[in-house]
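Right, one structure below, let's go through it.
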Amino acid sequence: MGKAALVLALLITFLTITVVNRAQNNSKRANEQHYDHLSTKLAKDLAERGQKLILGQFIESFGDGSGIALNTINHQGGSISLVGAPVIDDEMVTFTVRGAYNGAVHDITSRFRWHGFGLNPLQVKAASVDFNVSSSAILDFQRVTLDDQSILELDDMLYNELALEGDLASNYNISLDYLRDEFYNTLNAHSSGFEIDLIDQTQRDVLDQQNGIFFPDQVAQAINNYLVLNPSGEQIVSNPASIPATFGTGPQKVLRVENGATLVKDLSGTGILMVEGDFVVPQGITVDWQGLVVVVPPAGALNPQIDLQGNVALHGGMVVIHESIPNSGHMDVTNFRDYSGVWTSPFGVDMHQDSYWPWWLYHTHDYTSHEGNSIRFMGPTSADRLHESYVYFYETLQGLSANDDVFLEFYHPSSHGRGILSMELTGQPRTAFPIAAGFHPYISDPNDQYRTQPFKAGDLEHLQVDIKRLPSLQKMWDDTEEPYNNCTLNGAIVGPICVAEEMTRQDALALRLYKKDGASEKRIYESTLYWHRREDEEAAFASMMQEVVDALGSPDYGVDFTIGDSTTIRHDPAAEIILGVMGGVSTTIENVITTNTKWHPYDKNNPITHGKPNGEPCNNGVGIGHGYGNCDHDNGNGNGNGNGNGNGNSK
């Protein structure tokens with residue numbers, strides 16, 4: 001059985017069990033309105049599963065769309081089918097999948113684009129790598145992805161902040177070209193035909209605004225998205241001796257090893273193996289992994305190791321992310337509110353003020369030391385609103401009516417901090433999505449991915465931001481050499497003051513809350529997050545950076561990456577199905593657009609029941625159908641596909 005057929009069989013089995021169980025439960029419900037509501041939900045569930053079947057085939061075909069098909073699947077009154085034929089054009093597929101259940105119909109129309117380099121089984125983000133491959137190793141792939149973000153961060157810190165002379169390339173042989181040559185020469189000395197895909201800032205700026213997973217940071221981000229929604233989906237171990245011998249047979253999809261992993265026993269598994277620190281497989285140890293291995297040494301580790309000397313078989317891919325500099329400084333959080341929506345002053349009018357710090361109660365210096373880099377804005381209970389004393393978001397909502405229409409917006413999402421926002425509204429599933437890509441398509445405004453659709457203020461049950469990388473926030477360091485724009489208080493050298501004084505927030509990331517009244521939109525609240533360092537923290541920062549500079553001049557900087565004699569890394573498209581645990585988005589495909597259309601069983605526009613779900617007579621017709629009649633809207637003649645009995649003329 002082929003991979004696509006196997007995936008299809010598994011999904012059909014799961015679908016059968018799900019639909020049968022739900023149908024049995026539904027039959028016990030006497031309330032017809034509630035029953036119809038459940039039917040609508042089941043139709044949507046069927047359509048979503050059909051969408052995944054099509055995407056699985058798209059992945060299997062490497063983006064050319066060959067062989068994509070879906071025969072109608074019928075189960076206990078429910079069905080999945082394609083509406084028309086998929087359209088394949090320029091490595092894009094456009095298709096509509098229909099789910100139907102008990103008269104309810106749900107269509108999902110999607111367009112996905114293929115990005116081949118997202119499937120590369122080796123992806124690296126690091127400033128410097130000492131790469132060695134044994135001639136006996138088996139490398140069953142031909143493309144590698146290299147990302148230069150760590151190089152750019154290092155360059156900015158050394159030459160803009162420390163004012164060192166020269167550049168990384170001439171002083172330390174560090175550049176994207178050097179990194180590419182290191183991999184190209186090493187791989188092609190092993191065997192010919194390898195190609196290197198380079199990801200630079202221009203590509204990141206574009207791809208950050210899309211919701212696929214295309215380069216190393218986005219892969220790690222997608223895993224974090226999944227874990228935000230499924231906190232029980234990972235098993236965490238901090239001692240290599242505690243790593244299980246097998247993994248992936250239970251509900252957990254991610255095995256996270258803290259403090260590095262020098263394996264002391266064999267390991268086999270399926271899913272995602274995330275190692276925080278060194279990853280060493282000594283001789284005599286066997287590793288057989290189907291899926292993804294992600295190695296993320298801490299930023300303070302200047303010379304981490306990946307040493308695969310044992311019997312290693314990796315079917316899928318490996319991602320290596322090494323930040324070139326430690327996380328320094330901290331995250332500050334400053335909030336503003338103005339119920340009028342007029343904002344006669346940049347810090348609003350509904351604030352706790354004094355003459356010098358007009359927003360003092362709403363500002364938290366070094367939020368990181370208090371709560372890390374995660375902010376829970378909203379939760380269903382007071383205990384869930386963990387950080388209300390820092391952000392006053394719930395208090396702001398309490399100033400509104402529960403029925404007021406509101407929406408959220410990201411301001412300056414390019415200063416995203418590699419952050420993730422999770423959100424939940426009453427009666428809807430919780431979503432998690434990278435801030436750089438805006439809000440999840442399920443809740444985003446169709447015309448603006450950085451705004452949500454309007455919702456009732458009383459329906460917001462959960463809202464949380466998790467920042468992953470401080471240097472990816474806007475840098476607001478005190479005692480800057482260049483004065484901040486449009487900031488006069490305190491000599492324009494104190495970052496938080498200038499964020500509060502300037503309406504554009506000095507380009508810092510802001511989460512904004514608007515009240516919507518017809519065509520009127522009033523911004524009433526915003527919370528700004530930015531990378532901050534005070535003057536009294538400069539000495540500690542200088543000492544930290546001196547360690548980096550000293551390491552740059554020695555061999556002890558960058559990742560030591562060795563692939564030994566008995567290692568096999570094999571490109572396996574089936575791993576793309578496994579990676580669906582990361583929120584359901586493949587690492588190779590970009591969701592260009594997805595629209596949902598749904599019909600209640602009694603909706604006259606319902607393409608199956610045409611508003612007559614139980615075989616009632618059509619308008620002006622004489623036939624009685626048992627099942628779903630296909631009625632003509634003008635005169636209702638005939639019973640169509642409803643297994644009807646009667647004298648009406650079929651149309």
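FYI, nothing fancy with the structure tokens labels: chains A, B, ... in order, residues from 1 per chain, ligands from 1 as they appear.
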
Residues of segment 48-140 of chain A classed as alpha helix (DSSP H) by DSSP on the backbone are to be reported as a PyMOL selection string. chain A and resi 48-60

At what distance in Å, to one decimal, does atom CA of Thr270 of chain A lie from atom CA of Leu227 of chain A?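 A separation of 16.6 Å between them.
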
All strand (DSSP E) positions in segment 287-518 of chain A, as a PyMOL selection string: chain A and resi 287-295+305-308+311-321+330-337+363-364+374-378+405-411+420-425+431-434+444-445+448-452+455-456+460-466+475-477+509-517

Between atom CA of Ile493 of chain A and atom CA of Trp477 of chain A, what is the distance in Å, rounded to a tenth?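 Separation of atom CA of Ile493 of chain A and atom CA of Trp477 of chain A: 8.0 Å.
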
If you count only C-alpha atoms, which residues fall within 6 Å of Phe112 of chain A, apart from same-chain ones fewer than 3 positions away, as a VMD selection string? chain A and resid 92 to 93 590 to 592

Keeping all heavy atoms, export the residues of the selection given above as a compact mmCIF listing (two decimals), in the first residue's frame.
# COMPACT_ATOMS: atom_id res chain seq x y z
N MET A 92 0.55 25.44 -7.82
CA MET A 92 -0.55 25.74 -6.91
C MET A 92 -1.70 24.80 -7.20
O MET A 92 -1.93 24.41 -8.35
CB MET A 92 -1.00 27.20 -7.03
CG MET A 92 -0.06 28.20 -6.42
SD MET A 92 -0.83 29.81 -6.09
CE MET A 92 -1.14 30.35 -7.76
N VAL A 93 -2.44 24.45 -6.15
CA VAL A 93 -3.63 23.63 -6.32
C VAL A 93 -4.81 24.38 -5.72
O VAL A 93 -4.72 24.96 -4.64
CB VAL A 93 -3.45 22.24 -5.65
CG1 VAL A 93 -3.20 22.37 -4.15
CG2 VAL A 93 -4.67 21.36 -5.90
N GLU A 590 1.95 26.58 1.32
CA GLU A 590 1.47 27.86 1.83
C GLU A 590 -0.02 27.97 1.52
O GLU A 590 -0.46 27.75 0.40
CB GLU A 590 2.22 29.00 1.15
CG GLU A 590 1.59 30.36 1.35
CD GLU A 590 2.05 31.34 0.29
OE1 GLU A 590 3.01 31.03 -0.45
OE2 GLU A 590 1.42 32.41 0.17
N ASN A 591 -0.81 28.28 2.53
CA ASN A 591 -2.24 28.49 2.34
C ASN A 591 -2.45 29.88 1.76
O ASN A 591 -2.39 30.88 2.48
CB ASN A 591 -2.96 28.34 3.67
CG ASN A 591 -4.46 28.43 3.52
OD1 ASN A 591 -4.97 28.68 2.43
ND2 ASN A 591 -5.17 28.23 4.61
N VAL A 592 -2.65 29.95 0.45
CA VAL A 592 -2.83 31.24 -0.21
C VAL A 592 -4.17 31.84 0.18
O VAL A 592 -4.28 33.02 0.51
CB VAL A 592 -2.72 31.09 -1.73
CG1 VAL A 592 -2.95 32.43 -2.43
CG2 VAL A 592 -1.35 30.52 -2.10

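Shortest atom-to-atom contact with Trp360 of chain A among A:Val333, A:Ala261, A:Leu509, A:Val465: A:Val333, counting only C-alpha atoms.
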
Under the rule of at most 12 Å, produce a per-residue listing of segment 292-332 of chain A near segment 527-531 of chain A: chain, number, name, the closest pair of atoms, and the distance in Å, as CSV, using only C-alpha atoms.
residue,atom,partner,partner_atom,distance
A:Asn327,CA,A:Trp531,CA,10.1
A:Ser328,CA,A:Trp531,CA,9.0
A:Gly329,CA,A:Trp531,CA,6.8
A:His330,CA,A:Trp531,CA,5.8
A:Met331,CA,A:Trp531,CA,4.8
A:Asp332,CA,A:Tyr530,CA,5.6
